[in-house]
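**Q** Below is coords.txt; it holds compact mmCIF, C-alpha atoms.
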# COMPACT_ATOMS: atom_id res chain seq x y z
CA MET U 1 14.78 4.45 -43.13
CA SER U 2 11.40 2.79 -42.84
CA GLU U 3 12.67 -0.05 -44.97
CA GLU U 4 15.67 -0.44 -42.75
CA LYS U 5 13.43 -0.47 -39.74
CA ARG U 6 11.26 -3.15 -41.23
CA LYS U 7 14.35 -5.19 -42.00
CA ARG U 8 15.46 -4.82 -38.44
CA GLN U 9 12.10 -5.91 -37.15
CA ALA U 10 12.13 -8.93 -39.40
CA LYS U 11 15.57 -9.75 -38.10
CA ALA U 12 14.44 -9.33 -34.52
CA SER U 13 11.57 -11.75 -34.97
CA VAL U 14 14.10 -14.36 -36.10
CA LEU U 15 15.84 -14.10 -32.74
CA SER U 16 14.80 -16.57 -30.10
CA GLU U 17 13.07 -15.45 -26.92
CA GLU U 18 16.26 -15.93 -24.95
CA GLN U 19 18.28 -13.89 -27.38
CA LYS U 20 15.67 -11.14 -27.21
CA LYS U 21 15.83 -11.20 -23.44
CA ALA U 22 19.62 -11.08 -23.39
CA HIS U 23 19.53 -8.24 -25.87
CA HIS U 24 17.07 -6.34 -23.76
CA ILE U 25 19.14 -6.83 -20.61
CA ALA U 26 22.29 -5.68 -22.42
CA SER U 27 20.51 -2.57 -23.70
CA GLU U 28 19.24 -1.72 -20.27
CA GLN U 29 22.71 -2.18 -18.79
CA LYS U 30 24.12 0.09 -21.48
CA ARG U 31 21.47 2.71 -20.72
CA ARG U 32 22.25 2.62 -17.01
CA GLU U 33 25.98 2.77 -17.73
CA ASN U 34 25.42 5.87 -19.85
CA ILE U 35 23.42 7.53 -17.09
CA ARG U 36 26.09 6.63 -14.56
CA SER U 37 28.85 8.08 -16.72
CA GLU U 38 26.83 11.29 -17.07
CA PHE U 39 26.49 11.48 -13.29
CA ASP U 40 30.25 11.03 -13.00
CA LYS U 41 30.75 13.81 -15.51
CA ILE U 42 28.52 16.17 -13.52
CA VAL U 43 30.40 15.27 -10.33
CA SER U 44 33.72 16.11 -11.99
CA LEU U 45 32.33 19.44 -13.22
CA THR U 46 30.69 20.60 -10.02
CA PRO U 47 33.20 21.88 -7.44
CA THR U 48 30.87 21.26 -4.50
CA LEU U 49 30.63 17.56 -5.37
CA ASN U 50 33.42 15.14 -4.54
CA GLU U 51 34.06 11.58 -5.70
CA SER U 52 32.52 10.04 -2.62
CA GLU U 53 29.16 11.51 -3.58
CA ASN U 54 29.08 10.04 -7.06
CA ARG U 55 26.42 7.49 -6.10
CA SER U 56 24.00 9.88 -4.45
CA GLU U 57 21.53 10.95 -7.07
CA LEU U 58 19.86 13.47 -4.81
CA ASN U 59 23.17 15.13 -3.89
CA ILE U 60 24.30 15.30 -7.50
CA LEU U 61 21.06 16.78 -8.79
CA THR U 62 20.74 19.29 -5.97
CA LYS U 63 24.34 20.47 -5.96
CA SER U 64 24.62 20.66 -9.73
CA ALA U 65 21.41 22.73 -9.84
CA ASP U 66 22.84 24.95 -7.11
CA TYR U 67 26.03 25.27 -9.11
CA ILE U 68 24.14 26.27 -12.27
CA ASP U 69 22.32 28.92 -10.24
CA THR U 70 25.66 30.16 -8.89
CA LEU U 71 27.12 30.31 -12.38
CA LYS U 72 24.07 32.20 -13.65
CA SER U 73 24.30 34.85 -10.96
CA GLU U 74 28.07 35.05 -11.48
CA ASN U 75 27.40 35.69 -15.17
CA GLU U 76 24.99 38.50 -14.31
CA LYS U 77 27.51 40.09 -11.96
CA LEU U 78 30.29 39.89 -14.52
CA VAL U 79 28.08 41.39 -17.21
CA ALA U 80 27.12 44.21 -14.85
CA LEU U 81 30.79 44.77 -13.99
CA CYS U 82 31.71 44.96 -17.70
CA ARG U 83 28.98 47.51 -18.30
CA GLU U 84 30.17 49.50 -15.30
CA ARG U 85 33.67 49.64 -16.75
CA GLY U 86 32.33 50.44 -20.19
CA ILE U 87 33.66 47.24 -21.73
CA ALA U 88 31.78 46.12 -24.81
CA ILE U 89 30.37 42.64 -24.27
CA PRO U 90 29.92 40.22 -27.15
CA GLU U 91 26.25 39.11 -27.16
CA ASP U 92 27.12 35.45 -26.88
CA LEU U 93 28.82 35.95 -23.53
CA ILE U 94 25.57 36.97 -21.88
CA TYR U 95 23.74 33.96 -20.62
CA THR U 96 20.07 34.11 -21.59
CA GLY U 97 18.99 30.69 -20.47
CA PRO U 98 19.13 27.29 -22.05
CA ASP U 99 18.66 26.78 -25.78
CA ASP U 100 15.21 25.95 -26.99
CA ILE U 101 14.63 22.38 -27.95
CA GLN U 102 13.42 22.21 -31.53
CA ASP U 103 13.06 18.50 -31.88
CA LEU U 104 13.18 15.95 -29.11
CA ASP U 105 14.49 13.20 -31.38
CA LEU U 106 17.16 15.52 -32.72
CA GLU U 107 18.12 16.55 -29.22
CA GLU U 108 18.56 12.95 -28.15
CA SER U 109 20.56 11.96 -31.19
CA LYS U 110 22.69 15.12 -31.00
CA ILE U 111 23.72 14.30 -27.45
CA LYS U 112 24.33 10.64 -28.24
CA GLY U 113 26.42 11.71 -31.21
CA ASN U 114 28.64 13.74 -28.91
CA ILE U 115 29.96 10.67 -27.14
CA MET Z 1 -35.08 -22.42 31.76
CA ASN Z 2 -33.12 -25.59 31.60
CA ASP Z 3 -35.41 -27.17 34.20
CA GLU Z 4 -38.22 -27.28 31.66
CA ASP Z 5 -36.21 -29.43 29.34
CA ILE Z 6 -36.76 -33.12 30.00
CA ASN Z 7 -34.01 -35.25 28.67
CA PHE Z 8 -34.79 -38.73 27.59
CA SER Z 9 -33.41 -41.50 29.68
CA LEU Z 10 -33.89 -45.27 29.76
CA ASP Z 11 -35.61 -44.98 33.15
CA MET Z 12 -38.60 -43.46 31.40
CA VAL Z 13 -39.17 -46.59 29.38
CA SER Z 14 -41.25 -49.13 31.23
CA THR Z 15 -41.09 -52.84 30.50
CA ASP Z 16 -44.64 -53.02 29.13
CA MET Z 17 -43.81 -50.56 26.29
CA ASN Z 18 -42.80 -51.96 22.95
CA PHE Z 19 -40.07 -50.44 20.84
CA GLU Z 20 -42.43 -48.30 18.70
CA GLN Z 21 -43.95 -46.68 21.78
CA ALA Z 22 -40.60 -46.02 23.38
CA TYR Z 23 -39.24 -44.57 20.19
CA SER Z 24 -42.19 -42.21 19.66
CA MET Z 25 -41.89 -41.07 23.25
CA TYR Z 26 -38.22 -40.31 22.66
CA ASN Z 27 -39.05 -38.40 19.48
CA ASN Z 28 -41.76 -36.31 21.18
CA LEU Z 29 -39.44 -35.35 23.97
CA GLN Z 30 -36.73 -34.37 21.54
CA GLN Z 31 -39.15 -32.25 19.53
CA GLU Z 32 -40.41 -30.46 22.60
CA ASN Z 33 -36.88 -29.71 23.67
CA ALA Z 34 -36.00 -28.44 20.23
CA ILE Z 35 -39.00 -26.09 20.07
CA HIS Z 36 -38.18 -24.86 23.51
CA GLN Z 37 -34.63 -24.09 22.50
CA ILE Z 38 -35.70 -22.18 19.43
CA GLU Z 39 -37.90 -20.02 21.64
CA ASN Z 40 -34.98 -19.45 23.96
CA LEU Z 41 -32.74 -18.49 21.09
CA GLN Z 42 -35.27 -15.99 19.88
CA LYS Z 43 -35.47 -14.47 23.34
CA ILE Z 44 -31.74 -14.22 23.48
CA GLN Z 45 -31.54 -12.45 20.18
CA ASN Z 46 -33.64 -9.67 21.69
CA MET Z 47 -31.44 -9.33 24.74
CA SER Z 48 -28.56 -6.95 25.21
CA LEU Z 49 -25.04 -8.01 24.36
CA PHE Z 50 -23.96 -8.61 27.95
CA ASN Z 51 -26.87 -10.82 28.94
CA HIS Z 52 -26.56 -12.57 25.69
CA GLN Z 53 -23.07 -13.78 26.44
CA ILE Z 54 -24.03 -15.28 29.78
CA ASN Z 55 -27.20 -16.96 28.62
CA MET Z 56 -25.57 -18.42 25.61
CA GLU Z 57 -23.76 -20.90 27.81
CA ASP Z 58 -26.99 -22.10 29.42
CA ILE Z 59 -28.60 -22.61 26.09
CA MET Z 60 -25.81 -24.20 24.24
CA LYS Z 61 -25.56 -27.39 26.27
CA PRO Z 62 -28.89 -29.01 25.47
CA ASN Z 63 -28.64 -27.59 22.02
CA VAL Z 64 -25.55 -29.57 21.28
CA GLU Z 65 -27.08 -32.79 22.51
CA ASN Z 66 -30.01 -32.43 20.16
CA MET Z 67 -28.19 -30.93 17.32
CA ASP Z 68 -28.70 -33.80 14.92
CA GLU Z 69 -32.47 -33.31 15.21
CA GLU Z 70 -33.07 -29.79 13.98
CA ASP Z 71 -31.49 -28.29 10.91
CA ASP Z 72 -32.86 -24.75 11.34
CA GLU Z 73 -31.60 -24.82 14.83
CA GLU Z 74 -28.13 -25.58 13.64
CA GLU Z 75 -28.23 -22.60 11.40
CA GLU Z 76 -29.23 -20.32 14.20
CA GLU Z 77 -26.60 -21.79 16.39
CA ASP Z 78 -23.97 -21.24 13.75
CA LYS Z 79 -24.93 -17.63 13.70
CA GLU Z 80 -24.53 -17.32 17.42
CA ASP Z 81 -21.27 -19.18 17.17
CA SER Z 82 -19.88 -16.78 14.66
CA ASP Z 83 -20.57 -13.94 17.07
CA ASN Z 84 -18.60 -15.74 19.68
CA GLU Z 85 -15.85 -16.52 17.22
CA PHE Z 86 -15.66 -12.83 16.58
CA ASP Z 87 -15.14 -12.21 20.28
CA LYS Z 88 -12.50 -14.86 20.45
CA PHE Z 89 -10.61 -13.68 17.44
CA PHE Z 90 -10.20 -10.15 18.70
CA SER Z 91 -10.00 -9.00 22.28
CA ASN Z 92 -12.51 -6.34 23.23
CA THR Z 93 -9.85 -3.65 22.92
CA GLU Z 94 -9.00 -4.79 19.46
CA SER Z 95 -12.56 -5.09 18.24
CA ASN Z 96 -13.45 -1.71 19.68
CA ALA Z 97 -10.39 -0.21 18.06
CA LEU Z 98 -11.32 -1.94 14.83
CA GLU Z 99 -14.83 -0.53 14.97
CA LYS Z 100 -13.52 2.94 15.63
CA PHE Z 101 -10.98 2.49 12.90
CA LEU Z 102 -13.72 1.56 10.45
CA ASP Z 103 -15.81 4.51 11.61
CA ASN Z 104 -12.80 6.68 11.07
CA LEU Z 105 -12.44 5.34 7.54
CA ALA Z 106 -15.99 6.37 6.81
CA ASN Z 107 -15.68 9.77 8.49
CA PRO Z 108 -12.01 10.77 8.50
CA THR Z 109 -11.15 13.04 11.38
CA ASN Z 110 -7.91 14.77 12.18
CA SER Z 111 -7.54 13.18 15.57
CA ASN Z 112 -4.57 11.05 16.43
CA PRO Z 113 -5.27 7.46 15.35
CA LEU Z 114 -3.71 6.16 18.55
CA ASP Z 115 -6.65 7.64 20.43
CA LEU Z 116 -8.69 4.70 19.22
CA TYR Z 117 -6.61 2.60 21.51
CA ASN Z 118 -5.90 4.77 24.48
CA ASN Z 119 -9.55 5.51 25.11
CA ASN Z 120 -10.35 1.87 25.37
CA TYR Z 121 -8.06 0.62 28.06
CA SER Z 122 -10.76 0.90 30.71
CA TYR Z 123 -13.03 -1.29 28.62
CA GLU Z 124 -10.41 -3.92 28.45
CA PHE Z 125 -10.34 -4.36 32.23
CA ASN Z 126 -14.11 -4.43 32.49
CA PHE Z 127 -14.90 -6.89 29.81
CA LYS Z 128 -11.96 -9.05 29.23
CA PRO Z 129 -12.57 -11.58 32.00
CA LYS Z 130 -16.10 -12.18 30.74
CA ASN Z 131 -14.81 -12.46 27.26
CA ASP Z 132 -12.13 -14.93 28.18
CA PHE Z 133 -14.64 -16.97 30.08
CA SER Z 134 -16.87 -17.35 27.08
CA ALA Z 135 -13.89 -18.06 24.92
CA PHE Z 136 -12.77 -20.94 27.09
CA SER Z 137 -16.15 -22.35 27.97
CA HIS Z 138 -17.44 -22.78 24.46
CA PRO Z 139 -15.09 -25.00 22.52
CA PRO Z 140 -15.16 -27.92 25.01
CA GLN Z 141 -18.89 -28.33 24.37
CA TYR Z 142 -18.04 -29.60 20.97
CA GLN Z 143 -16.21 -32.49 22.49
CA PHE Z 144 -19.61 -34.03 23.22
CA GLN Z 145 -20.52 -33.91 19.60
CA GLU Z 146 -20.83 -37.29 18.00
CA LYS Z 147 -21.54 -36.62 14.37
CA PRO Z 148 -18.42 -35.79 12.38
CA GLU Z 149 -20.35 -33.72 9.82
CA ASP Z 150 -21.41 -31.35 12.59
CA LYS Z 151 -17.79 -30.94 13.48
CA ASP Z 152 -17.08 -30.12 9.89
CA GLU Z 153 -19.73 -27.44 10.02
CA TYR Z 154 -18.22 -26.08 13.17
CA PHE Z 155 -14.85 -25.81 11.53
CA LYS Z 156 -16.35 -24.35 8.41
CA SER Z 157 -18.07 -21.62 10.36
CA SER Z 158 -14.91 -20.91 12.31
CA ASN Z 159 -12.91 -20.78 9.10
CA ILE Z 160 -15.15 -18.15 7.62
CA ILE Z 161 -14.55 -15.72 10.42
CA PRO Z 162 -10.78 -15.20 10.13
CA GLN Z 163 -11.28 -14.52 6.44
CA GLN Z 164 -13.90 -11.88 7.06
CA LEU Z 165 -12.44 -10.02 9.98
CA PRO Z 166 -8.87 -9.15 9.08
CA THR Z 167 -9.85 -7.43 5.83
CA PRO Z 168 -8.53 -4.06 7.01
CA GLU Z 169 -5.14 -5.65 7.57
CA SER Z 170 -5.03 -7.49 4.29
CA ARG Z 171 -6.01 -4.30 2.54
CA GLN Z 172 -3.13 -2.64 4.30
CA SER Z 173 -0.66 -5.20 3.14
CA SER Z 174 -1.37 -4.55 -0.53
CA ILE Z 175 0.02 -1.05 -0.53
CA ASP Z 176 0.23 0.91 -3.62
CA GLU Z 177 3.32 3.05 -3.82
CA GLU Z 178 1.32 6.00 -5.11
CA GLU Z 179 -1.23 6.07 -2.32
CA PRO Z 180 -2.01 9.55 -1.02
CA LEU Z 181 -0.65 10.70 2.30
CA TYR Z 182 -3.88 10.64 4.22
CA LYS Z 183 -4.19 6.92 3.65
CA LYS Z 184 -0.79 6.45 5.17
CA ARG Z 185 -1.91 8.19 8.32
CA LYS Z 186 -4.76 5.76 8.61
CA ARG Z 187 -2.42 2.85 8.11
CA SER Z 188 -0.49 3.93 11.16
CA THR Z 189 -3.45 2.86 13.32
CA SER Z 190 -2.12 -0.68 13.02
CA LYS Z 191 1.03 0.29 14.90
CA PRO Z 192 0.17 -1.32 18.23
CA LEU Z 193 -1.09 -4.44 16.46
CA LEU Z 194 1.65 -5.14 13.93
CA THR Z 195 5.11 -3.88 14.58
CA LEU Z 196 6.68 -5.82 11.72
CA GLU Z 197 4.09 -4.51 9.31
CA GLN Z 198 4.65 -1.05 10.69
CA LYS Z 199 8.37 -1.34 10.20
CA ARG Z 200 7.78 -2.27 6.61
CA LEU Z 201 5.42 0.68 6.17
CA ASN Z 202 7.88 3.05 7.75
CA HIS Z 203 10.56 1.78 5.45
CA SER Z 204 8.43 2.19 2.34
CA TYR Z 205 7.39 5.63 3.57
CA SER Z 206 10.98 6.83 3.86
CA GLU Z 207 11.78 5.27 0.52
CA GLN Z 208 8.88 7.16 -1.06
CA LYS Z 209 10.07 10.35 0.59
CA ARG Z 210 13.57 9.80 -0.76
CA ARG Z 211 12.23 9.21 -4.27
CA GLN Z 212 10.03 12.26 -4.03
CA LEU Z 213 13.04 14.42 -3.10
CA CYS Z 214 15.02 12.95 -5.98
CA LYS Z 215 12.16 13.65 -8.35
CA LEU Z 216 11.89 17.26 -7.19
CA ALA Z 217 15.63 17.79 -7.62
CA TYR Z 218 15.45 16.25 -11.08
CA GLU Z 219 12.56 18.53 -12.00
CA ARG Z 220 14.53 21.53 -10.84
CA CYS Z 221 17.37 20.47 -13.11
CA LEU Z 222 14.96 19.99 -16.01
CA ARG Z 223 13.72 23.55 -15.63
CA LEU Z 224 17.29 24.80 -15.55
CA ILE Z 225 18.33 23.06 -18.74
CA THR Z 226 15.21 23.64 -20.81
CA ASN Z 227 13.70 26.98 -21.50
CA PHE Z 228 10.55 25.78 -19.83
CA ASP Z 229 8.26 28.72 -20.69
CA ASN Z 230 9.27 28.64 -24.32
CA TYR Z 231 9.02 24.89 -24.31
CA CYS Z 232 5.42 25.13 -23.15
CA LYS Z 233 4.54 27.84 -25.67
CA ASN Z 234 6.17 26.10 -28.61
CA PRO Z 235 6.51 22.43 -27.91
CA PRO Z 236 9.19 20.89 -30.12
CA MET Z 237 8.11 19.14 -33.26
CA ASN Z 238 9.31 15.63 -33.64
CA LYS Z 239 8.38 14.11 -36.91
CA LYS Z 240 10.38 10.94 -36.72
CA SER Z 241 8.87 9.36 -33.65
CA LYS Z 242 5.60 9.71 -31.83
CA ARG Z 243 7.49 10.67 -28.71
CA LYS Z 244 5.37 12.72 -26.35
CA GLN Z 245 6.48 16.30 -25.71
CA PHE Z 246 5.62 16.16 -22.02
CA ASN Z 247 5.97 13.42 -19.49
CA LYS Z 248 3.26 12.57 -17.00
CA ASP Z 249 4.39 15.39 -14.69
CA GLY Z 250 3.99 17.97 -17.43
CA LEU Z 251 7.74 18.40 -17.88
CA PRO Z 252 9.80 18.13 -21.05
CA ASN Z 253 9.97 14.49 -21.99
CA LEU Z 254 13.74 14.14 -22.21
CA SER Z 255 15.42 10.86 -21.46
CA LYS Z 256 17.33 10.85 -18.23
CA PHE Z 257 20.59 10.45 -20.04
CA CYS Z 258 19.78 13.38 -22.29
CA ALA Z 259 18.76 15.58 -19.37
CA LEU Z 260 21.96 14.78 -17.45
CA SER Z 261 24.07 15.51 -20.51
CA LYS Z 262 22.33 18.83 -20.82
CA VAL Z 263 23.11 19.59 -17.18
CA SER Z 264 26.84 19.18 -17.75
CA ASN Z 265 26.60 20.98 -21.10
CA GLU Z 266 24.86 23.88 -19.41
CA ILE Z 267 27.52 24.04 -16.70
CA LEU Z 268 30.29 24.05 -19.33
CA LYS Z 269 28.46 26.63 -21.42
CA ILE Z 270 27.94 29.19 -18.64
CA ARG Z 271 31.40 28.55 -17.24
CA SER Z 272 33.08 29.27 -20.58
CA LYS Z 273 31.01 32.47 -20.94
CA ASN Z 274 32.04 33.53 -17.46
CA ASP Z 275 35.69 32.69 -18.16
CA ASP Z 276 35.60 34.84 -21.30
CA LEU Z 277 33.98 37.69 -19.35
CA LYS Z 278 36.69 37.40 -16.71
CA LYS Z 279 39.31 37.67 -19.44
CA LEU Z 280 37.63 40.84 -20.68
CA LEU Z 281 37.70 42.21 -17.17
CA ASN Z 282 41.27 41.00 -16.60
CA ILE Z 283 40.24 39.17 -13.46
Output the file's structure in the form of structure tokens.
**A**
Amino acid sequence: MSEEKRKRQAKASVLSEEQKKAHHIASEQKRRENIRSEFDKIVSLTPTLNESENRSELNILTKSADYIDTLKSENEKLVALCRERGIAIPEDLIYTGPDDIQDLDLEESKIKGNI
Amino acid sequence: MNDEDINFSLDMVSTDMNFEQAYSMYNNLQQENAIHQIENLQKIQNMSLFNHQINMEDIMKPNVENMDEEDDEEEEEDKEDSDNEFDKFFSNTESNALEKFLDNLANPTNSNPLDLYNNNYSYEFNFKPKNDFSAFSHPPQYQFQEKPEDKDEYFKSSNIIPQQLPTPESRQSSIDEEEPLYKKRKRSTSKPLLTLEQKRLNHSYSEQKRRQLCKLAYERCLRLITNFDNYCKNPPMNKKSKRKQFNKDGLPNLSKFCALSKVSNEILKIRSKNDDLKKLLNI
């Protein structure tokens, strides 16, 4: 890995300043495109958000957070209802919060691998 | 006071005097006048501000005529000039407001910054005519000046003033986005002076507010998608890179893309759990 990295660095230094700049701009555009597509995904998942709001970061973040809260309380209610009716609940159906992050690098690469 | 000054004229030179005599007589008269003016200037410096402004005009006239004689005198005169330049540059209202503004900077109070202005309107009516008078009566005196280098000095001294005085404004124009709120309140004192500047400030203020709201919403999402308490207790190990565990706000240092992905993942995860629970309940 480290060797590969070094190779890449050596390669990069061969690139001209303009190529580096173009590369950097392209990477940044890609990053922004990824973020935008994630916003679109959240908009499609959240019922309180419609297409016209897909460029309002504040709306998306607020409403998606609200939606997660709604889902969490819905989960609690459903679990309570199951218990009331004496239905056995598989452990994995009870929401106990987000998964712990073991490794930030791993987390990033895992999510990028999903695309 | 002016009566004591005797100005040299050709009538004083009689035909039996030779050039040397006439010239020394001229020099003596000039010296006497110069000394007299220095004394006057010193007197004036001890006087109050109001008398000072009136007497200045009496003193200045002979002073200008003899300017090329006395260097020290020029210096003193420059000093007096700069005071007048100050008056000219700002109206009394403005300079009073400026003074109060500077006082306020030193000792911040919670009073409305506009008070600096409103309190001073009476002053404006009292003093402005006097001020305008001095502003108009001074510059023409320099038309009698003959030596160009003196003119240069006049312009130099007048150039210094605009650089010194507007410092509060220029400081205002170099706004840092992260400046605390109380500074912003002080900035609003410039409202009556600079509407364009104020517009710009208002705009940047709302933009900051918008960003702050966005940031708060993002932080809320971050807490929802990371087990924040656990995260703080056992920060993740990352061996590959030297990536920091926390960003500058003390929150998990996830990339924005990663955080947003986790938001949708979390929605899908809870939703599928809920759907399965509903199936169990036959809802």
**Q** So which residues touch Pro90 in chain U within 12 Å, counting all atoms listed in the file, skipping near sequence neighbours fewer than 4 positions away, as a VMD selection string?
**A** (chain U and resid 79 82 to 83 94 to 95) or (chain Z and resid 273 to 274 276 to 277 280)
**Q** Give me the residues near Asp100 in chain U as JSON, numbers by chain, where near means some atom within 12 Å (using only C-alpha atoms) and where sequence neighbours in that chain fewer than 4 positions away do not count.
**A** {"U": [96, 104, 107], "Z": [223, 224, 225, 226, 227, 228, 229, 230, 231, 232, 233, 234, 235, 236, 237, 252, 262]}
**Q** So the first atom is CA of Ile42 in chain U and the second is CA of Ser261 in chain Z; what is the distance between them in Å, to one decimal place?
**A**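 Computing it gives 8.3 Å between the two atoms.
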**Q** Select all residues from chain U having any atom no more than 9 Å from an atom of chain Z (counting only C-alpha atoms, ignoring ligands), output as a ChimeraX atom specification.
**A** /U:31-32,34-36,38-39,41-42,45-46,57-59,61-62,64-65,67-69,71-72,74-75,78-79,81-82,85,87-89,92-95,97-108,111-112
**Q** Calculate how many Å separate CA of Glu76 in chain U from CA of Ile283 in chain Z, rounding to one decimal.
**A**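 Distance reported for this atom pair: 15.3 Å.
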